[in-house]
Structure formats: structure tokens, C-alpha cells
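Have a look at input35.txt below; it lists compact mmCIF, C-alpha atoms.
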```txt
# COMPACT_ATOMS: atom_id res chain seq x y z
CA MET A 1 -21.62 -42.48 0.84
CA THR A 2 -19.12 -39.85 -0.21
CA ILE A 3 -18.66 -36.45 1.41
CA GLU A 4 -17.84 -33.46 -0.75
CA THR A 5 -15.95 -30.59 0.87
CA TYR A 6 -16.24 -26.95 -0.18
CA THR A 7 -14.37 -23.94 1.20
CA ILE A 8 -16.44 -20.82 1.81
CA TYR A 9 -14.96 -17.32 2.01
CA PRO A 10 -16.63 -14.00 2.89
CA THR A 11 -18.09 -12.09 -0.03
CA LYS A 12 -17.04 -8.54 -0.86
CA LYS A 13 -20.26 -7.19 -2.31
CA TYR A 14 -21.61 -5.09 0.58
CA ASN A 15 -18.76 -2.55 0.60
CA ARG A 16 -18.22 -2.87 4.33
CA PRO A 17 -15.16 -1.16 5.82
CA PRO A 18 -12.52 -3.63 6.99
CA PRO A 19 -13.06 -5.05 10.49
CA PRO A 20 -10.42 -4.61 13.19
CA SER A 21 -7.42 -6.91 12.96
CA ARG A 22 -8.25 -8.36 16.37
CA ILE A 23 -11.14 -8.50 18.84
CA VAL A 24 -10.02 -9.20 22.39
CA LEU A 25 -12.28 -11.67 24.17
CA HIS A 26 -13.89 -10.66 27.44
CA GLY A 27 -13.29 -12.61 30.63
CA LEU A 28 -16.84 -13.95 30.44
CA ASP A 29 -16.13 -15.33 26.97
CA LEU A 30 -13.30 -17.37 28.44
CA LEU A 31 -15.30 -19.00 31.23
CA SER A 32 -15.87 -22.00 29.00
CA PRO A 33 -13.11 -24.09 27.41
CA PRO A 34 -12.75 -24.06 23.59
CA ILE A 35 -15.74 -26.31 23.02
CA HIS A 36 -18.14 -25.89 20.13
CA ILE A 37 -21.89 -25.38 19.92
CA LEU A 38 -23.74 -27.84 17.70
CA ASN A 39 -26.98 -26.96 15.97
CA HIS A 40 -28.93 -29.51 13.92
CA ARG A 41 -31.92 -28.47 11.82
CA PHE A 42 -34.08 -30.74 9.69
CA TYR A 43 -36.17 -29.83 6.66
CA ARG A 44 -38.78 -31.60 4.60
CA PRO A 45 -37.93 -32.47 0.98
CA PRO A 46 -37.65 -29.18 -0.95
CA THR A 47 -39.43 -28.49 -4.22
CA ASP A 48 -36.18 -27.18 -5.68
CA SER A 49 -33.34 -29.43 -6.79
CA ILE A 50 -30.74 -30.39 -4.21
CA THR A 51 -28.07 -28.72 -6.35
CA ASN A 52 -29.85 -25.37 -6.17
CA VAL A 53 -30.43 -25.79 -2.44
CA ILE A 54 -26.72 -26.41 -1.83
CA ASP A 55 -25.74 -23.44 -3.99
CA LYS A 56 -28.12 -21.13 -2.10
CA LEU A 57 -26.81 -22.31 1.26
CA LYS A 58 -23.21 -21.72 0.22
CA SER A 59 -24.06 -18.29 -1.18
CA SER A 60 -25.96 -17.19 1.93
CA LEU A 61 -23.14 -18.42 4.18
CA ALA A 62 -20.60 -16.38 2.21
CA ASP A 63 -22.82 -13.30 2.65
CA ALA A 64 -23.12 -13.93 6.39
CA LEU A 65 -19.35 -14.21 6.78
CA GLU A 66 -18.92 -10.74 5.28
CA LEU A 67 -21.63 -9.21 7.48
CA TYR A 68 -20.42 -10.94 10.66
CA PRO A 69 -16.59 -11.07 10.39
CA PRO A 70 -15.84 -12.71 13.79
CA VAL A 71 -17.13 -16.04 12.49
CA ALA A 72 -14.50 -16.00 9.74
CA GLY A 73 -11.66 -15.23 12.16
CA THR A 74 -9.38 -17.46 14.22
CA VAL A 75 -9.10 -17.58 18.02
CA ARG A 76 -5.48 -17.03 19.01
CA THR A 77 -3.42 -16.24 22.13
CA ASP A 78 -0.62 -13.67 22.10
CA GLU A 79 2.62 -13.58 24.08
CA ASN A 80 0.82 -11.91 27.00
CA ASP A 81 -1.73 -14.76 27.18
CA GLU A 82 -4.44 -12.45 25.86
CA VAL A 83 -7.03 -14.41 23.90
CA TYR A 84 -8.46 -12.69 20.87
CA ILE A 85 -10.13 -13.26 17.51
CA ALA A 86 -7.65 -12.56 14.73
CA LEU A 87 -9.32 -11.03 11.68
CA ASP A 88 -6.35 -10.04 9.54
CA ALA A 89 -5.97 -11.61 6.10
CA GLU A 90 -3.59 -14.30 7.35
CA ASN A 91 -6.08 -15.52 9.96
CA ILE A 92 -9.30 -15.61 7.96
CA SER A 93 -10.06 -19.30 8.36
CA ASP A 94 -11.28 -21.61 5.63
CA ILE A 95 -14.90 -22.37 6.50
CA GLN A 96 -15.52 -26.00 5.61
CA PHE A 97 -18.89 -26.73 4.02
CA LEU A 98 -19.51 -30.49 3.83
CA VAL A 99 -22.17 -32.18 1.71
CA GLU A 100 -23.15 -35.83 2.13
CA MET A 101 -25.71 -37.74 0.04
CA ARG A 102 -27.01 -40.81 1.87
CA ASP A 103 -28.79 -43.76 0.31
CA THR A 104 -30.74 -44.42 3.51
CA PRO A 105 -33.91 -42.67 4.74
CA PHE A 106 -33.97 -40.29 7.69
CA VAL A 107 -34.67 -42.04 11.01
CA GLY A 108 -33.59 -39.41 13.54
CA ASP A 109 -30.82 -37.19 14.80
CA SER A 110 -27.33 -38.62 15.20
CA GLU A 111 -23.85 -37.42 16.07
CA ASP A 112 -22.40 -38.21 12.65
CA LEU A 113 -24.55 -35.48 11.09
CA SER A 114 -22.24 -32.89 12.67
CA PRO A 115 -19.34 -31.42 10.71
CA ARG A 116 -17.11 -31.94 13.77
CA THR A 117 -17.54 -34.63 16.43
CA VAL A 118 -14.74 -33.66 18.81
CA VAL A 119 -15.52 -32.19 22.23
CA LEU A 120 -12.66 -29.69 22.49
CA LEU A 121 -11.59 -27.77 19.42
CA PRO A 122 -7.84 -27.95 18.75
CA PRO A 123 -5.93 -24.64 18.73
CA LEU A 124 -6.34 -22.55 15.56
CA SER A 125 -9.46 -24.48 14.51
CA SER A 126 -11.85 -22.71 12.18
CA THR A 127 -14.56 -20.86 14.07
CA LEU A 128 -17.38 -22.36 12.03
CA ALA A 129 -18.03 -25.58 10.12
CA VAL A 130 -21.20 -26.66 8.31
CA LYS A 131 -22.46 -30.00 7.05
CA VAL A 132 -25.51 -30.65 4.86
CA THR A 133 -26.85 -34.20 4.65
CA ARG A 134 -29.49 -35.32 2.17
CA PHE A 135 -31.28 -38.60 2.85
CA SER A 136 -32.85 -40.91 0.28
CA CYS A 137 -36.34 -39.82 1.40
CA GLY A 138 -35.51 -36.21 0.51
CA THR A 139 -35.12 -34.95 4.08
CA ILE A 140 -32.27 -32.47 4.50
CA ALA A 141 -30.23 -31.96 7.67
CA VAL A 142 -28.19 -28.77 8.12
CA ALA A 143 -25.71 -28.99 10.99
CA SER A 144 -23.36 -26.27 12.20
CA SER A 145 -20.47 -26.24 14.65
CA ILE A 146 -19.36 -22.86 16.02
CA HIS A 147 -16.62 -22.00 18.49
CA HIS A 148 -18.28 -21.32 21.86
CA GLN A 149 -15.96 -18.44 22.80
CA VAL A 150 -16.88 -16.61 19.59
CA ALA A 151 -20.60 -17.39 19.79
CA ASP A 152 -21.24 -15.20 22.84
CA LEU A 153 -18.85 -12.28 22.32
CA ARG A 154 -19.78 -10.50 25.52
CA ASP A 155 -17.19 -7.83 24.73
CA GLY A 156 -19.91 -5.85 23.00
CA TRP A 157 -19.99 -7.08 19.41
CA SER A 158 -23.44 -8.60 19.78
CA ARG A 159 -24.75 -5.49 21.52
CA ASN A 160 -23.24 -2.92 19.20
CA PRO A 161 -21.29 -4.35 16.24
CA GLY A 162 -21.19 -0.95 14.57
CA ARG A 163 -18.52 0.33 16.93
CA PHE A 164 -16.05 -2.04 15.32
CA PHE A 165 -16.60 -0.20 12.04
CA PRO A 166 -15.73 3.41 12.95
CA ASP A 167 -16.03 4.56 9.33
CA LEU A 168 -19.76 3.86 9.48
CA ILE A 169 -20.33 5.93 12.62
CA LYS A 170 -19.95 9.70 12.32
CA GLU A 171 -20.62 10.63 15.92
CA SER A 172 -20.62 8.25 18.82
CA SER A 173 -19.94 8.38 22.53
CA LEU A 174 -19.48 4.62 22.68
CA PRO A 175 -16.05 3.30 23.66
CA THR A 176 -13.88 1.88 20.91
CA PHE A 177 -12.30 -0.77 23.13
CA PRO A 178 -13.78 -3.80 24.88
CA PRO A 179 -14.26 -3.73 28.65
CA PRO A 180 -11.52 -5.37 30.73
CA PRO A 181 -11.80 -9.04 31.70
CA PHE A 182 -12.10 -10.31 35.25
CA THR A 183 -9.53 -9.01 37.73
CA VAL A 184 -8.43 -10.44 41.07
CA LEU A 185 -9.20 -8.16 44.01
CA SER A 186 -6.41 -7.54 46.50
CA ILE A 187 -8.95 -7.71 49.34
CA PRO A 188 -11.94 -10.10 49.20
CA GLN A 189 -15.22 -8.25 48.78
CA THR A 190 -17.58 -8.54 51.71
CA GLY A 191 -21.23 -7.72 51.99
CA VAL A 192 -23.90 -7.43 49.33
CA PRO A 193 -23.22 -5.27 46.24
CA ALA A 194 -25.04 -1.94 46.41
CA TYR A 195 -26.93 -2.47 43.16
CA LEU A 196 -28.65 -5.52 44.65
CA LEU A 197 -30.02 -3.40 47.50
CA ALA A 198 -31.54 -0.70 45.30
CA PRO A 199 -35.35 -0.66 45.67
CA SER A 200 -37.44 -1.52 42.64
CA ASP A 201 -41.10 -1.42 41.74
CA VAL A 202 -42.75 -4.69 40.80
CA THR A 203 -45.76 -4.74 38.51
CA ARG A 204 -47.84 -7.67 37.34
CA TRP A 205 -49.34 -7.79 33.89
CA LYS A 206 -52.20 -10.03 32.89
CA PHE A 207 -53.15 -10.78 29.30
CA THR A 208 -56.43 -12.45 28.51
CA LYS A 209 -56.78 -14.78 25.55
CA ASN A 210 -58.87 -12.20 23.68
CA ALA A 211 -56.30 -9.46 24.36
CA MET A 212 -53.52 -11.68 23.04
CA GLU A 213 -55.48 -12.43 19.87
CA ARG A 214 -56.02 -8.70 19.29
CA LEU A 215 -52.32 -8.06 19.90
CA LYS A 216 -51.32 -10.69 17.35
CA LEU A 217 -53.79 -9.23 14.87
CA ASP A 218 -52.31 -5.75 15.34
CA PHE A 219 -48.83 -7.09 14.58
CA SER A 220 -49.93 -9.17 11.58
CA PRO A 221 -50.24 -7.91 7.97
CA SER A 222 -53.75 -7.18 6.83
CA ILE A 223 -55.54 -10.23 5.44
CA VAL A 224 -56.93 -8.04 2.67
CA SER A 225 -53.48 -6.87 1.66
CA SER A 226 -52.95 -6.74 -2.08
CA ASP A 227 -49.55 -8.28 -1.54
CA GLU A 228 -50.17 -12.03 -1.55
CA ARG A 229 -46.84 -12.69 0.12
CA LYS A 230 -47.76 -10.54 3.12
CA SER A 231 -51.13 -12.24 3.53
CA ASP A 232 -49.36 -15.52 4.29
CA LEU A 233 -47.25 -14.07 7.12
CA TRP A 234 -48.12 -14.64 10.77
CA ILE A 235 -46.66 -13.91 14.20
CA SER A 236 -46.51 -16.17 17.24
CA SER A 237 -47.88 -15.21 20.65
CA GLY A 238 -44.36 -15.16 22.09
CA ASP A 239 -43.00 -12.83 19.39
CA ALA A 240 -45.97 -10.47 19.69
CA LEU A 241 -45.64 -10.29 23.47
CA ALA A 242 -41.85 -9.84 23.28
CA ALA A 243 -42.28 -6.95 20.83
CA LEU A 244 -44.80 -5.24 23.11
CA LEU A 245 -42.72 -5.66 26.27
CA SER A 246 -39.51 -4.55 24.57
CA GLY A 247 -41.20 -1.36 23.39
CA VAL A 248 -42.65 -0.62 26.83
CA ILE A 249 -39.32 -1.22 28.58
CA THR A 250 -37.43 0.91 26.06
CA ARG A 251 -39.85 3.83 26.42
CA ALA A 252 -39.74 3.57 30.22
CA ARG A 253 -35.94 3.62 30.24
CA LYS A 254 -35.87 6.59 27.88
CA ASN A 255 -38.49 8.57 29.82
CA SER A 256 -36.63 7.88 33.07
CA LYS A 257 -33.30 8.77 31.42
CA VAL A 258 -31.72 5.47 32.39
CA SER A 259 -28.23 5.28 30.94
CA ARG A 260 -27.29 2.40 28.68
CA SER A 261 -25.00 -0.19 30.23
```
Represent the structure contained in this file as C-alpha cells.
Amino acid sequence: MTIETYTIYPTKKYNRPPPPSRIVLHGLDLLSPPIHILNHRFYRPPTDSITNVIDKLKSSLADALELYPPVAGTVRTDENDEVYIALDAENISDIQFLVEMRDTPFVGDSEDLSPRTVVLLPPLSSTLAVKVTRFSCGTIAVASSIHHQVADLRDGWSRNPGRFFPDLIKESSLPTFPPPPFTVLSIPQTGVPAYLLAPSDVTRWKFTKNAMERLKLDFSPSIVSSDERKSDLWISSGDALAALLSGVITRARKNSKVSRS
């Protein structure tokens, strides 16, 4: 069983402005040590050849690295002990894409399917690593390992990545710097924070089975659609309910002029 290793770099086909040279991590990002998050996904034998499947996965990963630059960066610490993601050309890490062809059938998940099996990532490790394993029965496992401190990015990237590309935003009142990390108070805080004492209205919503079915039907493409591809689409109860609640909450916040935080 041999393992082939490929190096994936971000594409340059979407004409995105260059990202900042560094993204300072928030204090909440640093609560956890430099561990990595493992994600294993398993797929039935594809109808396409394994070569085409691998090529598509490598191509889509390269696209994703361009559209989400932090994953291609390197976590570093400067002379002031400030931890940040370095995104300059010298720190764009080589994303390792591993491919293993096994001559045994799939029997279940295992640790050796991961591209990295360490617990703590060594300093200057690549943010992301991917491994694809094909079993003799045709089953394909796609495993990823991503740096935990980059995965959350509570500094605001996940909430508003556009602010890191000022050339794409003509007018914006959003700050162009991340919020400060945790600070040590000179005097211990006593009492309950005021925001926890603010009164709030509680409402209870009940959805019957018939109402949920109608909701899912409203969110689904028409079954008589001339587009055959659309007629095969469907939506889960959870996604339909989440879409409804998100819309209601957003309208309520806007009507009440609640500021974004």
C-alpha cells in the first residue's frame, strides 16, 4: 500500500484582491492548544473513475484555498508573543494532499485514515492536510486535519470575511481591525453583568406535522419544474425550520433597530 503525496496551492482565477499579510488571533481562538480537528467522511463507490475523482478533489481544494486564504496561511508568534496567521507569500503553507489505494475492503473508521495522527501540531505546521483513501470494495474515505485555532477565527473572519478585502467594499462602517483579546482586570469584577439582568420576552412556538410538511413544500422546488435537476432537490425539516427562524429573527432585529454585535 503506497501513499502518493501532492502539494496543493491556491488558484488565482477568481481575481480576488490580496488578503492581509497577517490576521491576529482573538483571545478566544487561543483558549485551546494547537491541536487539530479531524473530519472523516465516507462515500459509496463512485460511477466516475478514481483518477477523475482525485483530480476533482484537488481542483476544488485549490479553489477553496483561494476563496478562504486563512487555511493556506501559517500560525506564527511574533516578538511580542502575539499569535497570528501569516498570509504573506513566504508563509503560504504547502497543503499536503495524500492518496492511498488499499487492497483491503472497508470495515470501519480508523485513526490511520487521517493525514496526521499527532495530538498537538508542531510549530509552523500547515494549517490543513487532506488524505483520500480508496478501498478494494470501491468505498472512498476523505479525511481532513485543520488547525483548531484557525478553524474558529472568532476575530470576525467567519462573521464578515469581506472586511479583510477592503478593495471589495466601497462603503463600510465595520472596523478594519480585530477586537482585542482577553485582558486582566486590575480589580476583580463582582456582581452579575448588566446584560444578564436585562428583561426579555419569551415566546413558545409549536409546529404541527402538517405545518412542517407545508413549510418543507414551500422551500422545495416545484415537482413539475421543467428543470429535471431541480425536481430531484429536497430540504430537510431542520434546514427548513432554521431558514424560517433565521428570517423571523433577522426581521425582528431590523424592525427593533437592534445594532449588530
For stretch 83-100 of chain A, list every protein, DNA or RNA residue within 9 Å, evaluated using all atoms listed in the file, and leave out those in the same chain fewer than 4 positions away; present the list as a CSV table (one decimal) with C-alpha atoms, keeping the file's coordinate frame.
```
chain,number,residue,atom,x,y,z
A,1,MET,CA,-21.6,-42.5,0.8
A,2,THR,CA,-19.1,-39.8,-0.2
A,3,ILE,CA,-18.7,-36.4,1.4
A,4,GLU,CA,-17.8,-33.5,-0.8
A,5,THR,CA,-16.0,-30.6,0.9
A,6,TYR,CA,-16.2,-27.0,-0.2
A,7,THR,CA,-14.4,-23.9,1.2
A,8,ILE,CA,-16.4,-20.8,1.8
A,9,TYR,CA,-15.0,-17.3,2.0
A,19,PRO,CA,-13.1,-5.0,10.5
A,20,PRO,CA,-10.4,-4.6,13.2
A,21,SER,CA,-7.4,-6.9,13.0
A,22,ARG,CA,-8.2,-8.4,16.4
A,23,ILE,CA,-11.1,-8.5,18.8
A,24,VAL,CA,-10.0,-9.2,22.4
A,25,LEU,CA,-12.3,-11.7,24.2
A,26,HIS,CA,-13.9,-10.7,27.4
A,30,LEU,CA,-13.3,-17.4,28.4
A,54,ILE,CA,-26.7,-26.4,-1.8
A,58,LYS,CA,-23.2,-21.7,0.2
A,69,PRO,CA,-16.6,-11.1,10.4
A,70,PRO,CA,-15.8,-12.7,13.8
A,71,VAL,CA,-17.1,-16.0,12.5
A,72,ALA,CA,-14.5,-16.0,9.7
A,73,GLY,CA,-11.7,-15.2,12.2
A,74,THR,CA,-9.4,-17.5,14.2
A,75,VAL,CA,-9.1,-17.6,18.0
A,76,ARG,CA,-5.5,-17.0,19.0
A,77,THR,CA,-3.4,-16.2,22.1
A,78,ASP,CA,-0.6,-13.7,22.1
A,115,PRO,CA,-19.3,-31.4,10.7
A,124,LEU,CA,-6.3,-22.6,15.6
A,125,SER,CA,-9.5,-24.5,14.5
A,126,SER,CA,-11.8,-22.7,12.2
A,127,THR,CA,-14.6,-20.9,14.1
A,128,LEU,CA,-17.4,-22.4,12.0
A,129,ALA,CA,-18.0,-25.6,10.1
A,130,VAL,CA,-21.2,-26.7,8.3
A,131,LYS,CA,-22.5,-30.0,7.0
A,132,VAL,CA,-25.5,-30.6,4.9
A,133,THR,CA,-26.8,-34.2,4.6
A,134,ARG,CA,-29.5,-35.3,2.2
A,135,PHE,CA,-31.3,-38.6,2.8
A,150,VAL,CA,-16.9,-16.6,19.6
```
Spatial neighbours of A:Arg44, max dist 7 Å, all atoms listed in the file, sep filter under 5 positions, as a PyMOL selection string: chain A and resi 138-140
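If you measure from each of A:Leu241, A:His40, A:Lys56, A:Pro45 to A:Asp112 using all atoms listed in the file, the closest one turns out to be A:His40.
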For the atom pair atom CA of A:Leu67 and atom CA of A:Ile146, what is the interatomic distance in Å to one decimal place?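 About the pair atom CA of A:Leu67 and atom CA of A:Ile146: they are 16.3 Å apart.
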Expressed in Å to a single decimal, how great is the separation between atom CA of A:Pro17 and atom CA of A:Ala62? 16.6 Å
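Nearest residue to A:Leu121 among A:Ala143, A:Ile37, A:Met101, A:Leu61 is A:Ile37, counting all atoms listed in the file.
In this comparison, which uses all atoms listed in the file, the residue of A:Ala64, A:Val142, A:Ala151, A:Leu120 approaching A:Asn39 most closely is A:Val142.
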Provide the atom CA of A:Leu38 to atom CA of A:Pro123 distance in Å, to one decimal place.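 A separation of 18.1 Å between them.
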So, with all atoms listed in the file as the atoms that count, which of A:His148, A:Arg204, A:Arg102, A:Lys216 lies closest to A:Leu28? A:His148
List every protein, DNA or RNA residue that has at least one atom no more than 12 Å from (-54.7, -14.6, 21.2) in the file's coordinates, counting all atoms listed in the file, and write the result as a PyMOL selection string. chain A and resi 207-219+235-241
Using all atoms listed in the file, which of the listed residues (A:Thr117, A:Cys137, A:Glu79, A:Ser186) sits closest to A:Asp103? A:Cys137
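Distances to A:Ile50 were evaluated for A:Ser32, A:Ser220, A:Ser246, A:Ser136 using all atoms listed in the file, and the minimum falls at A:Ser136.
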Return as lines of an AutoDock Vina configuration file the centre and edge lengths, in Å with one decimal, of the box along x, y and z that encloses every atom of stretch 205-210 of chain A in the file, padded by 4 Å per side.
```
center_x = -54.1
center_y = -11.3
center_z = 28.8
size_x = 17.5
size_y = 15.0
size_z = 18.2
```
